[in-house]
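Novice: Got start09.csv for you, CSV, C-alpha atoms:
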chain,number,residue,atom,x,y,z
Q,1,MET,CA,20.7,-10.2,-2.2
Q,2,GLU,CA,18.4,-11.6,0.4
Q,3,LYS,CA,14.7,-11.5,-0.5
Q,4,LYS,CA,12.3,-10.5,2.2
Q,5,ILE,CA,9.4,-12.9,2.4
Q,6,LYS,CA,6.0,-11.3,3.0
Q,7,SER,CA,3.9,-13.4,5.4
Q,8,THR,CA,0.5,-11.8,5.2
Q,9,ALA,CA,-2.2,-14.4,6.0
Q,10,PRO,CA,-4.7,-14.8,3.2
Q,11,CYS,CA,-8.2,-13.5,3.9
Q,12,ASP,CA,-10.0,-16.8,3.2
Q,13,GLU,CA,-13.1,-18.5,4.7
Q,14,ARG,CA,-11.6,-18.4,8.2
Q,15,CYS,CA,-10.8,-14.7,8.0
Q,16,PRO,CA,-13.1,-12.8,10.4
Q,17,VAL,CA,-13.2,-9.7,8.2
Q,18,ARG,CA,-14.5,-11.8,5.3
Q,19,ALA,CA,-17.0,-13.5,7.6
Q,20,SER,CA,-18.3,-10.1,8.8
Q,21,LEU,CA,-18.5,-8.7,5.3
Q,22,SER,CA,-20.4,-11.7,4.1
Q,23,LEU,CA,-23.2,-10.5,6.4
Q,24,LEU,CA,-22.7,-6.8,6.3
Q,25,ALA,CA,-21.3,-5.7,3.0
Q,26,GLY,CA,-23.5,-3.8,0.6
Q,27,LYS,CA,-24.7,-0.3,0.1
Q,28,TRP,CA,-27.6,-0.5,2.5
Q,29,THR,CA,-27.1,-3.1,5.2
Q,30,LEU,CA,-25.1,-1.1,7.7
Q,31,MET,CA,-27.2,2.0,7.0
Q,32,ILE,CA,-30.4,0.1,8.0
Q,33,LEU,CA,-28.8,-1.3,11.1
Q,34,PHE,CA,-27.7,2.2,11.9
Q,35,GLN,CA,-31.2,3.5,11.5
Q,36,ILE,CA,-32.8,0.8,13.7
Q,37,ASN,CA,-30.0,1.2,16.2
Q,38,GLU,CA,-31.2,0.7,19.8
Q,39,ASN,CA,-34.8,1.5,18.9
Q,40,THR,CA,-37.9,-0.3,17.8
Q,41,VAL,CA,-38.7,1.1,14.3
Q,42,ARG,CA,-41.7,0.7,12.1
Q,43,TYR,CA,-41.4,-0.2,8.5
Q,44,GLY,CA,-42.7,3.2,7.3
Q,45,GLU,CA,-40.1,5.0,9.5
Q,46,LEU,CA,-37.3,3.0,7.9
Q,47,LYS,CA,-38.6,3.8,4.4
Q,48,ARG,CA,-38.5,7.5,5.3
Q,49,THR,CA,-35.1,7.6,7.0
Q,50,VAL,CA,-33.1,5.3,4.7
Q,51,THR,CA,-33.5,7.8,2.0
Q,52,GLY,CA,-33.2,6.7,-1.6
Q,53,ILE,CA,-33.8,3.0,-1.0
Q,54,SER,CA,-36.5,1.4,-3.1
Q,55,GLU,CA,-39.3,-0.5,-1.5
Q,56,LYS,CA,-38.2,-3.7,-3.1
Q,57,MET,CA,-34.6,-3.4,-1.9
Q,58,LEU,CA,-35.7,-2.4,1.7
Q,59,ILE,CA,-37.9,-5.4,2.0
Q,60,GLN,CA,-35.2,-7.7,0.6
Q,61,GLU,CA,-32.5,-6.2,2.9
Q,62,LEU,CA,-34.8,-6.5,6.0
Q,63,ASN,CA,-35.6,-10.1,5.1
Q,64,MET,CA,-31.9,-10.9,4.8
Q,65,LEU,CA,-31.2,-9.2,8.1
Q,66,VAL,CA,-33.9,-11.3,9.8
Q,67,GLU,CA,-32.6,-14.5,8.2
Q,68,ASN,CA,-29.1,-13.7,9.4
Q,69,LYS,CA,-30.4,-13.1,12.9
Q,70,LEU,CA,-29.4,-9.5,13.1
Q,71,VAL,CA,-32.9,-8.1,13.2
Q,72,ILE,CA,-36.2,-9.3,14.7
Q,73,LYS,CA,-39.4,-8.5,12.8
Q,74,LYS,CA,-42.6,-8.2,14.8
Q,75,VAL,CA,-46.0,-8.2,13.0
Q,76,TYR,CA,-49.1,-6.9,14.7
Q,77,HIS,CA,-52.2,-8.3,13.0
Q,78,GLN,CA,-54.4,-5.2,13.3
Q,79,VAL,CA,-55.9,-2.7,11.0
Q,80,PRO,CA,-53.9,-1.0,9.7
Q,81,PRO,CA,-51.2,-3.6,10.0
Q,82,LYS,CA,-48.1,-2.7,12.0
Q,83,VAL,CA,-44.6,-4.1,11.4
Q,84,GLU,CA,-41.7,-3.3,13.7
Q,85,TYR,CA,-38.0,-4.1,13.6
Q,86,THR,CA,-35.6,-4.3,16.4
Q,87,LEU,CA,-31.9,-5.4,16.5
Q,88,THR,CA,-31.1,-8.8,18.0
Q,89,GLU,CA,-28.3,-9.2,20.5
Q,90,LEU,CA,-26.1,-10.0,17.5
Q,91,GLY,CA,-27.4,-7.0,15.6
Q,92,LEU,CA,-26.6,-4.7,18.5
Q,93,LYS,CA,-23.0,-5.9,18.3
Q,94,THR,CA,-22.6,-4.4,14.8
Q,95,LEU,CA,-23.2,-0.9,16.2
Q,96,PRO,CA,-19.5,-0.4,17.1
Q,97,ILE,CA,-18.8,-1.0,13.4
Q,98,VAL,CA,-21.4,1.6,12.4
Q,99,ASP,CA,-20.0,4.0,15.0
Q,100,GLN,CA,-16.5,3.8,13.3
Q,101,LEU,CA,-18.1,4.4,9.9
Q,102,ALA,CA,-19.9,7.4,11.3
Q,103,GLN,CA,-16.7,8.7,12.9
Q,104,PHE,CA,-14.7,8.2,9.7
Q,105,GLY,CA,-17.4,10.0,7.6
Q,106,LEU,CA,-17.7,12.8,10.1
Q,107,GLU,CA,-14.0,13.5,10.3
Q,108,ASN,CA,-13.1,13.1,6.6
Q,109,LEU,CA,-16.1,13.2,4.3
Q,110,VAL,CA,-19.1,15.4,5.3
W,111,MET,CA,-54.1,8.5,23.8
W,112,GLU,CA,-50.9,10.5,23.1
W,113,LYS,CA,-48.9,9.4,20.2
W,114,LYS,CA,-45.1,9.3,20.6
W,115,ILE,CA,-43.4,11.0,17.7
W,116,LYS,CA,-40.2,9.3,16.5
W,117,SER,CA,-37.6,11.8,15.6
W,118,THR,CA,-34.8,9.7,14.0
W,119,ALA,CA,-32.9,11.9,11.6
W,120,PRO,CA,-32.9,10.5,8.1
W,121,CYS,CA,-29.7,9.1,6.7
W,122,ASP,CA,-29.5,11.4,3.7
W,123,GLU,CA,-26.6,12.9,1.8
W,124,ARG,CA,-25.3,14.7,4.9
W,125,CYS,CA,-25.3,11.4,6.9
W,126,PRO,CA,-21.7,10.4,7.8
W,127,VAL,CA,-22.6,6.7,7.7
W,128,ARG,CA,-23.9,7.1,4.1
W,129,ALA,CA,-20.9,9.1,3.1
W,130,SER,CA,-18.5,6.4,4.4
W,131,LEU,CA,-20.5,3.6,2.8
W,132,SER,CA,-20.4,5.4,-0.5
W,133,LEU,CA,-16.6,4.8,-0.4
W,134,LEU,CA,-16.4,1.6,1.4
W,135,ALA,CA,-19.4,-0.6,0.8
W,136,GLY,CA,-19.0,-3.6,-1.4
W,137,LYS,CA,-17.9,-7.1,-0.9
W,138,TRP,CA,-14.2,-6.5,-1.4
W,139,THR,CA,-13.3,-2.9,-0.6
W,140,LEU,CA,-12.7,-3.2,3.1
W,141,MET,CA,-11.1,-6.6,2.7
W,142,ILE,CA,-8.5,-5.1,0.3
W,143,LEU,CA,-7.8,-2.2,2.7
W,144,PHE,CA,-7.4,-4.8,5.5
W,145,GLN,CA,-4.9,-6.8,3.4
W,146,ILE,CA,-2.8,-3.7,2.5
W,147,ASN,CA,-3.0,-2.5,6.1
W,148,GLU,CA,0.1,-0.6,7.3
W,149,ASN,CA,2.3,-2.4,4.7
W,150,THR,CA,3.4,-1.8,1.1
W,151,VAL,CA,2.0,-4.7,-0.8
W,152,ARG,CA,2.7,-5.9,-4.4
W,153,TYR,CA,-0.2,-6.6,-6.8
W,154,GLY,CA,0.6,-10.3,-6.9
W,155,GLU,CA,0.5,-10.5,-3.1
W,156,LEU,CA,-3.0,-9.0,-3.0
W,157,LYS,CA,-4.2,-11.4,-5.7
W,158,ARG,CA,-3.0,-14.2,-3.5
W,159,THR,CA,-4.3,-13.0,-0.1
W,160,VAL,CA,-7.7,-11.6,-1.2
W,161,THR,CA,-8.8,-15.1,-2.0
W,162,GLY,CA,-11.6,-15.6,-4.5
W,163,ILE,CA,-11.4,-12.2,-6.1
W,164,SER,CA,-11.2,-12.1,-9.9
W,165,GLU,CA,-8.3,-10.3,-11.6
W,166,LYS,CA,-10.8,-7.9,-13.2
W,167,MET,CA,-12.5,-7.1,-10.0
W,168,LEU,CA,-9.2,-6.6,-8.1
W,169,ILE,CA,-7.9,-4.2,-10.7
W,170,GLN,CA,-11.3,-2.3,-10.7
W,171,GLU,CA,-11.4,-2.1,-6.9
W,172,LEU,CA,-7.7,-0.9,-6.7
W,173,ASN,CA,-8.3,1.8,-9.3
W,174,MET,CA,-11.4,2.9,-7.4
W,175,LEU,CA,-9.4,3.0,-4.1
W,176,VAL,CA,-6.7,5.1,-5.8
W,177,GLU,CA,-9.3,7.4,-7.3
W,178,ASN,CA,-10.9,7.9,-3.9
W,179,LYS,CA,-7.5,8.7,-2.4
W,180,LEU,CA,-7.5,5.7,0.0
W,181,VAL,CA,-4.6,3.9,-1.7
W,182,ILE,CA,-1.4,5.0,-3.5
W,183,LYS,CA,-0.2,3.0,-6.4
W,184,LYS,CA,3.5,3.0,-7.2
W,185,VAL,CA,4.7,1.6,-10.5
W,186,TYR,CA,8.3,0.6,-11.0
W,187,HIS,CA,9.2,0.6,-14.6
W,188,GLN,CA,11.5,-2.3,-14.6
W,189,VAL,CA,11.6,-5.9,-16.0
W,190,PRO,CA,9.6,-7.6,-14.7
W,191,PRO,CA,7.4,-4.6,-13.8
W,192,LYS,CA,6.6,-4.1,-10.2
W,193,VAL,CA,3.4,-2.5,-8.8
W,194,GLU,CA,3.0,-1.7,-5.2
W,195,TYR,CA,0.1,-0.4,-3.1
W,196,THR,CA,0.1,1.5,0.2
W,197,LEU,CA,-2.7,3.1,2.2
W,198,THR,CA,-2.8,6.9,2.2
W,199,GLU,CA,-3.3,8.9,5.4
W,200,LEU,CA,-7.1,8.7,4.6
W,201,GLY,CA,-6.9,5.0,3.9
W,202,LEU,CA,-5.1,4.4,7.2
W,203,LYS,CA,-8.1,6.0,9.0
W,204,THR,CA,-10.3,3.2,7.7
W,205,LEU,CA,-8.4,0.6,9.7
W,206,PRO,CA,-10.4,1.2,12.9
W,207,ILE,CA,-13.5,0.2,10.9
W,208,VAL,CA,-11.7,-2.9,9.7
W,209,ASP,CA,-10.7,-3.7,13.2
W,210,GLN,CA,-14.3,-3.6,14.4
W,211,LEU,CA,-15.3,-5.9,11.5
W,212,ALA,CA,-12.5,-8.3,12.5
W,213,GLN,CA,-13.6,-8.2,16.1
W,214,PHE,CA,-17.3,-8.8,15.3
W,215,GLY,CA,-16.4,-11.7,13.0
W,216,LEU,CA,-14.0,-13.2,15.6
W,217,GLU,CA,-16.4,-13.0,18.4
W,218,ASN,CA,-19.6,-14.1,16.6
W,219,LEU,CA,-18.9,-15.8,13.3
W,220,VAL,CA,-15.7,-17.8,12.8
Please express the file's structure as structure tokens.

Specialist:
Amino acid sequence: MEKKIKSTAPCDERCPVRASLSLLAGKWTLMILFQINENTVRYGELKRTVTGISEKMLIQELNMLVENKLVIKKVYHQVPPKVEYTLTELGLKTLPIVDQLAQFGLENLV
Amino acid sequence: MEKKIKSTAPCDERCPVRASLSLLAGKWTLMILFQINENTVRYGELKRTVTGISEKMLIQELNMLVENKLVIKKVYHQVPPKVEYTLTELGLKTLPIVDQLAQFGLENLV
């Protein structure tokens, strides 16, 4: 009996899906990118619209997104202080992923 | 001076992006769906191709995917035992998300 050899390539360090997930996996990351979207969004606005996230987690996620060059943080040194977030060019390129997540959720889950 | 009111809808329980992420977020979930893809894949094959995942985590993820009706598990009671995984109709609908992740990774990361 001939045995069929499966030839699926492993998803290792060079796998683009793994590379993307190393930046984007997590409960909140894509939700934050979705909420910033094509807008400039203040910190307080994010805190309000990403419902359920703790202050600590939101700050941690935003710092990570800035570090990974997906988001730009702009601080206005004024009273009261103002902090705004915008997607970088790279961050904007994650929106098609978010769109697919939205479509999947809309058609199958909510 | 008029103040512009932002009207971004909050991403709460009815938000399709949140609903999708509640099933699909996590370091491994979408990677496993990607590796099963349109094929029928044996457990050992998944263990080999989802590189870096621990046995415990792979089993946990697969059970979760079966529970969430994204994956079908088929057990052949033979010696040696054979266990195969296939995407359900719902699971197949996550592949466009995976495709976008792959495209983003390919164009920007690897």

Novice: I'd like the neighbourhood of W:Gly215 as a list in words, where a residue qualifies if any of its atoms comes within 9 Å (using all atoms listed in the file), though same-chain residues fewer than 6 positions away should be ignored.

Specialist: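 Close residues of W:Gly215: Cys15, Pro16, Val17, Arg18, Ala19, Ser20 and Leu21 of chain Q.
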
Novice: Could you produce a table of the residues of chain W lying within 6 Å of chain Q, with the nearest pair of atoms per residue and their separation in Å rounded to one decimal, using only C-alpha atoms, ordered by chain and increasing residue number, as JSON lines?

Specialist:
{"residue": "W:Pro120", "atom": "CA", "partner": "Q:Thr49", "partner_atom": "CA", "distance": 3.8}
{"residue": "W:Cys121", "atom": "CA", "partner": "Q:Val50", "partner_atom": "CA", "distance": 5.5}
{"residue": "W:Asp122", "atom": "CA", "partner": "Q:Thr51", "partner_atom": "CA", "distance": 5.6}
{"residue": "W:Pro126", "atom": "CA", "partner": "Q:Gly105", "partner_atom": "CA", "distance": 4.3}
{"residue": "W:Val127", "atom": "CA", "partner": "Q:Ala102", "partner_atom": "CA", "distance": 4.6}
{"residue": "W:Ala129", "atom": "CA", "partner": "Q:Gly105", "partner_atom": "CA", "distance": 5.8}
{"residue": "W:Ser130", "atom": "CA", "partner": "Q:Gly105", "partner_atom": "CA", "distance": 4.9}
{"residue": "W:Ala135", "atom": "CA", "partner": "Q:Gly26", "partner_atom": "CA", "distance": 5.2}
{"residue": "W:Gly136", "atom": "CA", "partner": "Q:Gly26", "partner_atom": "CA", "distance": 4.9}
{"residue": "W:Lys137", "atom": "CA", "partner": "Q:Ala25", "partner_atom": "CA", "distance": 5.4}
{"residue": "W:Thr159", "atom": "CA", "partner": "Q:Pro10", "partner_atom": "CA", "distance": 3.8}
{"residue": "W:Val160", "atom": "CA", "partner": "Q:Cys11", "partner_atom": "CA", "distance": 5.5}
{"residue": "W:Thr161", "atom": "CA", "partner": "Q:Asp12", "partner_atom": "CA", "distance": 5.6}
{"residue": "W:Ile207", "atom": "CA", "partner": "Q:Gln100", "partner_atom": "CA", "distance": 5.3}
{"residue": "W:Gln210", "atom": "CA", "partner": "Q:Ile97", "partner_atom": "CA", "distance": 5.3}
{"residue": "W:Leu211", "atom": "CA", "partner": "Q:Val17", "partner_atom": "CA", "distance": 5.5}
{"residue": "W:Ala212", "atom": "CA", "partner": "Q:Val17", "partner_atom": "CA", "distance": 4.6}
{"residue": "W:Gly215", "atom": "CA", "partner": "Q:Pro16", "partner_atom": "CA", "distance": 4.3}
{"residue": "W:Leu216", "atom": "CA", "partner": "Q:Pro16", "partner_atom": "CA", "distance": 5.3}

Novice: Those selected residues, please, written with C-alpha atoms and delivered as a PDB file, in the coordinates of the input.

Specialist:
ATOM      1  CA  PRO W 120     -32.900  10.500   8.100  1.00  0.00           C
ATOM      2  CA  CYS W 121     -29.700   9.100   6.700  1.00  0.00           C
ATOM      3  CA  ASP W 122     -29.500  11.400   3.700  1.00  0.00           C
ATOM      4  CA  PRO W 126     -21.700  10.400   7.800  1.00  0.00           C
ATOM      5  CA  VAL W 127     -22.600   6.700   7.700  1.00  0.00           C
ATOM      6  CA  ALA W 129     -20.900   9.100   3.100  1.00  0.00           C
ATOM      7  CA  SER W 130     -18.500   6.400   4.400  1.00  0.00           C
ATOM      8  CA  ALA W 135     -19.400  -0.600   0.800  1.00  0.00           C
ATOM      9  CA  GLY W 136     -19.000  -3.600  -1.400  1.00  0.00           C
ATOM     10  CA  LYS W 137     -17.900  -7.100  -0.900  1.00  0.00           C
ATOM     11  CA  THR W 159      -4.300 -13.000  -0.100  1.00  0.00           C
ATOM     12  CA  VAL W 160      -7.700 -11.600  -1.200  1.00  0.00           C
ATOM     13  CA  THR W 161      -8.800 -15.100  -2.000  1.00  0.00           C
ATOM     14  CA  ILE W 207     -13.500   0.200  10.900  1.00  0.00           C
ATOM     15  CA  GLN W 210     -14.300  -3.600  14.400  1.00  0.00           C
ATOM     16  CA  LEU W 211     -15.300  -5.900  11.500  1.00  0.00           C
ATOM     17  CA  ALA W 212     -12.500  -8.300  12.500  1.00  0.00           C
ATOM     18  CA  GLY W 215     -16.400 -11.700  13.000  1.00  0.00           C
ATOM     19  CA  LEU W 216     -14.000 -13.200  15.600  1.00  0.00           C
TER      20      LEU W 216
END

Novice: By how many Å are atom CA of Q:Gln60 and atom CA of W:Ser164 apart?

Specialist: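 Interatomic distance here is 26.6 Å.
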
Novice: At what distance in Å, to one decimal, does atom CA of W:Leu197 lie from atom CA of W:Tyr153?

Specialist: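 Distance reported for this atom pair: 13.5 Å.
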
Novice: Between atom CA of Q:Gly44 and atom CA of Q:Glu89, what is the spacing in Å?

Specialist: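 That distance, rounded to one decimal, is 23.1 Å.
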
Novice: Neighbours of W:Asn173 within 10 Å (all atoms listed in the file; same-chain residues fewer than 6 positions away dropped), as a list of chain:residue names?

Specialist: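 Residues meeting the cut-off are W:Met167, W:Lys179, W:Val181, W:Ile182, W:Lys183.
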